[in-house]
Amino acid sequence: MDDPLTLAPPPGEEPDAPAPEDVPAEEMQPRAARPRRRREAPATPPAASRRMADRERVLTIEARDEVQTEAEREAIIWHEIQNADWTHRILTGTLDGVEQTESGLTLAVVNYKGFRVAIPLKEMMLHSGKLPNGQEYLEEMARLRRILMVRLGSEIDFVVKGHDNKSRSAVGSRRDAMLRKRQSFYLDKDETGEPMIYEGRVVQARVVAVSEKIIRVEVFGVECAIVARGLSRAWMGDATEKYSVGDRILVRVLKISGSTVEDLSITADVRSVSSGTDQDNLKKCVVQGRYAGRVTDIRGGVVFIRLNNGVNAIAHSCYDRRTPGKRDDVSFSVTRLDPEQGVAVGIITRIIKQNL
């Protein structure tokens, strides 16, 4: 077999030129007339490609964690509202505003995770029974608007009754949500034949309105008022000092009345939920002892005092030349302990500081 090296031409000699038919057609054309070959764009380096992908992701502090953009978050929440409209699911929002349309319709504006839900005043279930007509109707609407304004910041349940994708706004009904919760928690029975809420049960409630001597709570679709004496074992001068609209508190359902969702009503208190008794508190005082306290109320010449140690006290006389008033800090001397009423009886010896 011939050595391949012997097939090479001798030095100084050129190899035979290829036959014309063996030369490509473009090689036969003049150099200037040859078409230019299109250069392919260089492939994107892997590092540059990774940087482009990273721009679409948020770098998080925690490894492999994910963060939603604002647009993604809003899309998810709006889908919740749409789904709630289709499935009639109950949602919970915050009463953020009260508006009146050009036609005179009053709207409660509820904030649901940043989205606006408008609830007509009639659907807020602030009025029981049939609405009056004429001038009485206008007066009743004005009263209900004032109630709404006091409740700003309260937490309420509602059912979505319609939504608009273009403006991303919705309308709802608190009434429908409350009636459904009444049915589920007060009227429907479980496997033992008992409802979920019964007389004597301690449940969580929402504070929807607060004044000096009374708070109003919503207990799973039913509203009720709790007066000051039902709020605490210790006498309370001003309920606004302890409670605020939007709070969640524990209450005991004392009585349930009504057999339908429309006429259901309850009585509840906070006092019985707290541990201890008034008699236990009396052990913190001794006869002839002197204690500091604050005046919570004055009725019929009797001064009601909450001592700083938590004992309730009453005084029929005052040695100070000044007349005690509500929220005054006073010095109180115990003359007698009344276990039956759970109060200390005595005399105001001095007004420490007047609430002017």
# chains A, B, ... in the order shown; residues from 1 in each chain; ligands from 1
>>> residues_around(residues="Met124 of chain A", least_positions_apart="5", cutoff="7 Å", atoms="only C-alpha atoms", output="PDB file with C-alpha atoms, in the first residue's frame")
ATOM      1  CA  ILE A 119     -73.177  48.386  50.475  1.00  0.00           C
ATOM      2  CA  SER A 173     -75.001  43.035  51.369  1.00  0.00           C
ATOM      3  CA  ARG A 174     -74.278  42.787  55.082  1.00  0.00           C
ATOM      4  CA  ARG A 175     -77.846  41.701  55.704  1.00  0.00           C
TER       5      ARG A 175
END
>>> residues_around(residues="segment 257-259 of chain A", least_positions_apart="6", cutoff="12 Å", atoms="only C-alpha atoms", output="number ranges by chain")
A: 182-183, 186-188, 198-199, 222, 224, 265-268
>>> write_last_selection(atoms="all heavy atoms", output="compact mmCIF listing (two decimals), in the first residue's frame")
# COMPACT_ATOMS: atom_id res chain seq x y z
N ARG A 182 -76.66 33.71 61.31
CA ARG A 182 -77.67 33.38 62.34
C ARG A 182 -78.18 31.96 62.16
O ARG A 182 -78.33 31.22 63.13
CB ARG A 182 -78.83 34.37 62.25
CG ARG A 182 -78.50 35.79 62.68
CD ARG A 182 -79.73 36.67 62.60
NE ARG A 182 -79.44 38.04 62.99
CZ ARG A 182 -80.36 38.99 63.15
NH1 ARG A 182 -81.64 38.69 62.94
NH2 ARG A 182 -80.01 40.21 63.50
N GLN A 183 -78.47 31.60 60.92
CA GLN A 183 -78.98 30.26 60.65
C GLN A 183 -77.94 29.21 61.03
O GLN A 183 -78.26 28.20 61.67
CB GLN A 183 -79.34 30.13 59.16
CG GLN A 183 -79.91 28.78 58.77
CD GLN A 183 -81.28 28.53 59.39
OE1 GLN A 183 -82.13 29.40 59.40
NE2 GLN A 183 -81.49 27.31 59.90
N TYR A 186 -76.99 29.70 65.26
CA TYR A 186 -78.02 29.72 66.30
C TYR A 186 -79.15 28.74 66.07
O TYR A 186 -79.76 28.26 67.03
CB TYR A 186 -78.62 31.13 66.42
CG TYR A 186 -77.67 32.17 66.95
CD1 TYR A 186 -76.86 32.90 66.09
CD2 TYR A 186 -77.57 32.44 68.31
CE1 TYR A 186 -75.99 33.86 66.55
CE2 TYR A 186 -76.69 33.41 68.80
CZ TYR A 186 -75.91 34.11 67.91
OH TYR A 186 -75.04 35.08 68.37
N LEU A 187 -79.46 28.45 64.82
CA LEU A 187 -80.64 27.64 64.53
C LEU A 187 -80.31 26.23 64.06
O LEU A 187 -81.01 25.28 64.42
CB LEU A 187 -81.51 28.35 63.48
CG LEU A 187 -82.02 29.74 63.90
CD1 LEU A 187 -82.88 30.34 62.79
CD2 LEU A 187 -82.82 29.67 65.21
N ASP A 188 -79.27 26.07 63.24
CA ASP A 188 -78.91 24.73 62.78
C ASP A 188 -78.37 23.90 63.94
O ASP A 188 -77.69 24.42 64.83
CB ASP A 188 -77.86 24.81 61.66
CG ASP A 188 -78.45 25.37 60.37
OD1 ASP A 188 -79.69 25.42 60.28
OD2 ASP A 188 -77.67 25.75 59.48
N TYR A 198 -75.31 28.63 72.23
CA TYR A 198 -76.43 28.39 73.14
C TYR A 198 -76.24 29.27 74.37
O TYR A 198 -75.18 29.88 74.58
CB TYR A 198 -76.50 26.92 73.52
CG TYR A 198 -75.16 26.35 73.92
CD1 TYR A 198 -74.65 26.51 75.21
CD2 TYR A 198 -74.38 25.67 72.98
CE1 TYR A 198 -73.42 26.01 75.57
CE2 TYR A 198 -73.14 25.17 73.33
CZ TYR A 198 -72.66 25.33 74.62
OH TYR A 198 -71.42 24.84 74.97
N GLU A 199 -77.28 29.37 75.19
CA GLU A 199 -77.22 30.21 76.39
C GLU A 199 -76.14 29.72 77.35
O GLU A 199 -76.07 28.53 77.65
CB GLU A 199 -78.59 30.24 77.08
CG GLU A 199 -79.65 30.94 76.26
CD GLU A 199 -81.00 31.00 76.96
OE1 GLU A 199 -81.09 30.45 78.08
OE2 GLU A 199 -81.94 31.60 76.42
N VAL A 222 -75.64 38.56 65.05
CA VAL A 222 -76.64 39.20 65.91
C VAL A 222 -75.97 40.32 66.70
O VAL A 222 -74.92 40.10 67.30
CB VAL A 222 -77.30 38.20 66.88
CG1 VAL A 222 -78.39 38.89 67.69
CG2 VAL A 222 -77.86 37.00 66.12
N CYS A 224 -76.01 43.20 69.81
CA CYS A 224 -76.63 43.51 71.10
C CYS A 224 -75.80 44.56 71.81
O CYS A 224 -74.61 44.75 71.52
CB CYS A 224 -76.77 42.26 71.97
SG CYS A 224 -75.25 41.68 72.72
N SER A 265 -82.65 37.53 68.65
CA SER A 265 -81.98 38.54 69.47
C SER A 265 -81.29 37.84 70.64
O SER A 265 -81.67 36.73 71.02
CB SER A 265 -82.98 39.58 69.99
OG SER A 265 -83.93 38.98 70.86
N ILE A 266 -80.27 38.50 71.20
CA ILE A 266 -79.54 37.90 72.31
C ILE A 266 -79.25 38.95 73.38
O ILE A 266 -79.33 40.16 73.14
CB ILE A 266 -78.20 37.29 71.85
CG1 ILE A 266 -77.25 38.39 71.35
CG2 ILE A 266 -78.41 36.22 70.81
CD1 ILE A 266 -75.84 37.90 71.10
N THR A 267 -78.93 38.46 74.57
CA THR A 267 -78.40 39.29 75.66
C THR A 267 -77.05 38.71 76.04
O THR A 267 -76.91 37.49 76.17
CB THR A 267 -79.34 39.26 76.88
OG1 THR A 267 -80.63 39.72 76.48
CG2 THR A 267 -78.80 40.15 77.98
N ALA A 268 -76.05 39.57 76.21
CA ALA A 268 -74.69 39.10 76.50
C ALA A 268 -74.01 40.06 77.48
O ALA A 268 -74.45 41.20 77.67
CB ALA A 268 -73.87 38.98 75.22
>>> select_by_dssp(residues="segment 182-224 of chain A", states="strand (DSSP E)", output="list in words")
Val202, Val203, Gln204, Ala205, Arg206, Val207, Val208, Ala209, Val210, Ile214, Ile215, Arg216, Val217, Glu218, Val219, Val222, Glu223 and Cys224 of chain A
>>> residues_around(residues="Phe115 of chain A", least_positions_apart="2", cutoff="12 Å", atoms="only C-alpha atoms", output="MDAnalysis selection string")
chainID A and resid 73:82 92:96 109:113 117:118 163:165 167:171
>>> write_last_selection(atoms="N, CA and C atoms", output="PDB file, in the first residue's frame")
ATOM      1  N   ARG A  73     -50.600  40.567  43.358  1.00  0.00           N
ATOM      2  CA  ARG A  73     -51.405  40.524  44.583  1.00  0.00           C
ATOM      3  C   ARG A  73     -52.820  41.020  44.321  1.00  0.00           C
ATOM      4  N   GLU A  74     -52.945  42.137  43.598  1.00  0.00           N
ATOM      5  CA  GLU A  74     -54.266  42.686  43.303  1.00  0.00           C
ATOM      6  C   GLU A  74     -55.083  41.728  42.441  1.00  0.00           C
ATOM      7  N   ALA A  75     -54.428  41.066  41.495  1.00  0.00           N
ATOM      8  CA  ALA A  75     -55.143  40.115  40.633  1.00  0.00           C
ATOM      9  C   ALA A  75     -55.696  38.952  41.452  1.00  0.00           C
ATOM     10  N   ILE A  76     -54.940  38.476  42.419  1.00  0.00           N
ATOM     11  CA  ILE A  76     -55.391  37.368  43.257  1.00  0.00           C
ATOM     12  C   ILE A  76     -56.584  37.793  44.114  1.00  0.00           C
ATOM     13  N   ILE A  77     -56.505  38.999  44.705  1.00  0.00           N
ATOM     14  CA  ILE A  77     -57.593  39.472  45.567  1.00  0.00           C
ATOM     15  C   ILE A  77     -58.865  39.704  44.746  1.00  0.00           C
ATOM     16  N   TRP A  78     -58.697  40.305  43.569  1.00  0.00           N
ATOM     17  CA  TRP A  78     -59.875  40.536  42.729  1.00  0.00           C
ATOM     18  C   TRP A  78     -60.515  39.209  42.326  1.00  0.00           C
ATOM     19  N   HIS A  79     -59.703  38.196  42.095  1.00  0.00           N
ATOM     20  CA  HIS A  79     -60.258  36.870  41.789  1.00  0.00           C
ATOM     21  C   HIS A  79     -61.052  36.341  42.987  1.00  0.00           C
ATOM     22  N   GLU A  80     -60.596  36.629  44.208  1.00  0.00           N
ATOM     23  CA  GLU A  80     -61.356  36.227  45.402  1.00  0.00           C
ATOM     24  C   GLU A  80     -62.737  36.867  45.395  1.00  0.00           C
ATOM     25  N   ILE A  81     -62.787  38.159  45.048  1.00  0.00           N
ATOM     26  CA  ILE A  81     -64.069  38.860  45.021  1.00  0.00           C
ATOM     27  C   ILE A  81     -64.971  38.284  43.936  1.00  0.00           C
ATOM     28  N   GLN A  82     -64.415  38.021  42.769  1.00  0.00           N
ATOM     29  CA  GLN A  82     -65.208  37.412  41.699  1.00  0.00           C
ATOM     30  C   GLN A  82     -65.753  36.053  42.135  1.00  0.00           C
ATOM     31  N   THR A  92     -65.072  39.275  54.780  1.00  0.00           N
ATOM     32  CA  THR A  92     -64.982  40.199  55.914  1.00  0.00           C
ATOM     33  C   THR A  92     -64.114  41.388  55.534  1.00  0.00           C
ATOM     34  N   GLY A  93     -64.633  42.593  55.789  1.00  0.00           N
ATOM     35  CA  GLY A  93     -63.890  43.812  55.490  1.00  0.00           C
ATOM     36  C   GLY A  93     -64.047  44.832  56.594  1.00  0.00           C
ATOM     37  N   THR A  94     -63.547  46.029  56.338  1.00  0.00           N
ATOM     38  CA  THR A  94     -63.593  47.113  57.320  1.00  0.00           C
ATOM     39  C   THR A  94     -64.424  48.262  56.778  1.00  0.00           C
ATOM     40  N   LEU A  95     -65.333  48.783  57.602  1.00  0.00           N
ATOM     41  CA  LEU A  95     -66.149  49.926  57.209  1.00  0.00           C
ATOM     42  C   LEU A  95     -65.257  51.163  57.191  1.00  0.00           C
ATOM     43  N   ASP A  96     -64.971  51.665  55.997  1.00  0.00           N
ATOM     44  CA  ASP A  96     -64.011  52.760  55.850  1.00  0.00           C
ATOM     45  C   ASP A  96     -64.642  54.099  55.493  1.00  0.00           C
ATOM     46  N   VAL A 109     -69.115  52.220  52.565  1.00  0.00           N
ATOM     47  CA  VAL A 109     -67.966  51.815  51.759  1.00  0.00           C
ATOM     48  C   VAL A 109     -67.090  50.890  52.601  1.00  0.00           C
ATOM     49  N   VAL A 110     -66.970  49.650  52.155  1.00  0.00           N
ATOM     50  CA  VAL A 110     -66.199  48.635  52.866  1.00  0.00           C
ATOM     51  C   VAL A 110     -64.899  48.378  52.122  1.00  0.00           C
ATOM     52  N   ASN A 111     -63.824  48.307  52.863  1.00  0.00           N
ATOM     53  CA  ASN A 111     -62.513  48.019  52.285  1.00  0.00           C
ATOM     54  C   ASN A 111     -62.227  46.536  52.447  1.00  0.00           C
ATOM     55  N   TYR A 112     -62.101  45.838  51.311  1.00  0.00           N
ATOM     56  CA  TYR A 112     -61.722  44.427  51.346  1.00  0.00           C
ATOM     57  C   TYR A 112     -60.340  44.272  50.721  1.00  0.00           C
ATOM     58  N   LYS A 113     -59.319  44.231  51.547  1.00  0.00           N
ATOM     59  CA  LYS A 113     -57.920  44.046  51.110  1.00  0.00           C
ATOM     60  C   LYS A 113     -57.528  45.045  50.033  1.00  0.00           C
ATOM     61  N   VAL A 117     -65.903  47.997  48.203  1.00  0.00           N
ATOM     62  CA  VAL A 117     -67.185  47.296  48.111  1.00  0.00           C
ATOM     63  C   VAL A 117     -68.251  48.233  48.670  1.00  0.00           C
ATOM     64  N   ALA A 118     -69.222  48.598  47.849  1.00  0.00           N
ATOM     65  CA  ALA A 118     -70.298  49.514  48.255  1.00  0.00           C
ATOM     66  C   ALA A 118     -71.502  48.708  48.729  1.00  0.00           C
ATOM     67  N   HIS A 163     -70.210  42.587  40.676  1.00  0.00           N
ATOM     68  CA  HIS A 163     -68.887  43.190  40.530  1.00  0.00           C
ATOM     69  C   HIS A 163     -68.697  43.682  39.104  1.00  0.00           C
ATOM     70  N   ASP A 164     -67.811  44.650  38.946  1.00  0.00           N
ATOM     71  CA  ASP A 164     -67.500  45.229  37.640  1.00  0.00           C
ATOM     72  C   ASP A 164     -66.008  45.063  37.393  1.00  0.00           C
ATOM     73  N   ASN A 165     -65.649  44.283  36.374  1.00  0.00           N
ATOM     74  CA  ASN A 165     -64.243  44.005  36.091  1.00  0.00           C
ATOM     75  C   ASN A 165     -63.493  45.235  35.597  1.00  0.00           C
ATOM     76  N   SER A 167     -63.907  48.577  36.346  1.00  0.00           N
ATOM     77  CA  SER A 167     -63.535  49.494  37.436  1.00  0.00           C
ATOM     78  C   SER A 167     -63.018  48.756  38.667  1.00  0.00           C
ATOM     79  N   ARG A 168     -63.132  47.438  38.643  1.00  0.00           N
ATOM     80  CA  ARG A 168     -62.728  46.597  39.779  1.00  0.00           C
ATOM     81  C   ARG A 168     -63.377  47.079  41.074  1.00  0.00           C
ATOM     82  N   SER A 169     -64.680  47.220  41.014  1.00  0.00           N
ATOM     83  CA  SER A 169     -65.461  47.584  42.195  1.00  0.00           C
ATOM     84  C   SER A 169     -66.600  46.580  42.335  1.00  0.00           C
ATOM     85  N   ALA A 170     -67.163  46.509  43.546  1.00  0.00           N
ATOM     86  CA  ALA A 170     -68.212  45.523  43.807  1.00  0.00           C
ATOM     87  C   ALA A 170     -69.271  46.123  44.709  1.00  0.00           C
ATOM     88  N   VAL A 171     -70.441  45.500  44.717  1.00  0.00           N
ATOM     89  CA  VAL A 171     -71.523  45.860  45.637  1.00  0.00           C
ATOM     90  C   VAL A 171     -71.821  44.634  46.487  1.00  0.00           C
TER      91      VAL A 171
END
>>> atom_distance(atom1="atom CA of Thr349 of chain A", atom2="atom CA of Arg229 of chain A")
26.0 Å
>>> select_by_dssp(residues="segment 205-289 of chain A", states="alpha helix (DSSP H)", output="list in words")
Asp278, Gln279, Asp280, Asn281 and Leu282 of chain A
>>> residues_around(residues="Tyr243 of chain A", least_positions_apart="6", cutoff="8 Å", atoms="only C-alpha atoms", output="mmCIF file with C-alpha atoms, in the first residue's frame")
data_model
loop_
_atom_site.group_PDB
_atom_site.id
_atom_site.type_symbol
_atom_site.label_atom_id
_atom_site.label_comp_id
_atom_site.auth_asym_id
_atom_site.auth_seq_id
_atom_site.Cartn_x
_atom_site.Cartn_y
_atom_site.Cartn_z
ATOM 1 C CA VAL A 207 -67.095 45.749 68.943
ATOM 2 C CA VAL A 210 -68.598 52.506 71.735
ATOM 3 C CA ILE A 215 -70.797 49.300 73.811
#
>>> closest_residue(among="A:Val345, A:Met236, A:Val150, A:Val160", to="Arg116 of chain A", atoms="only C-alpha atoms")
A:Val160
>>> residues_around(residues="Gly104 of chain A", least_positions_apart="4", cutoff="12 Å", atoms="only C-alpha atoms", output="ChimeraX atom specification")
/A:99-100,120-121,138,141-142,145
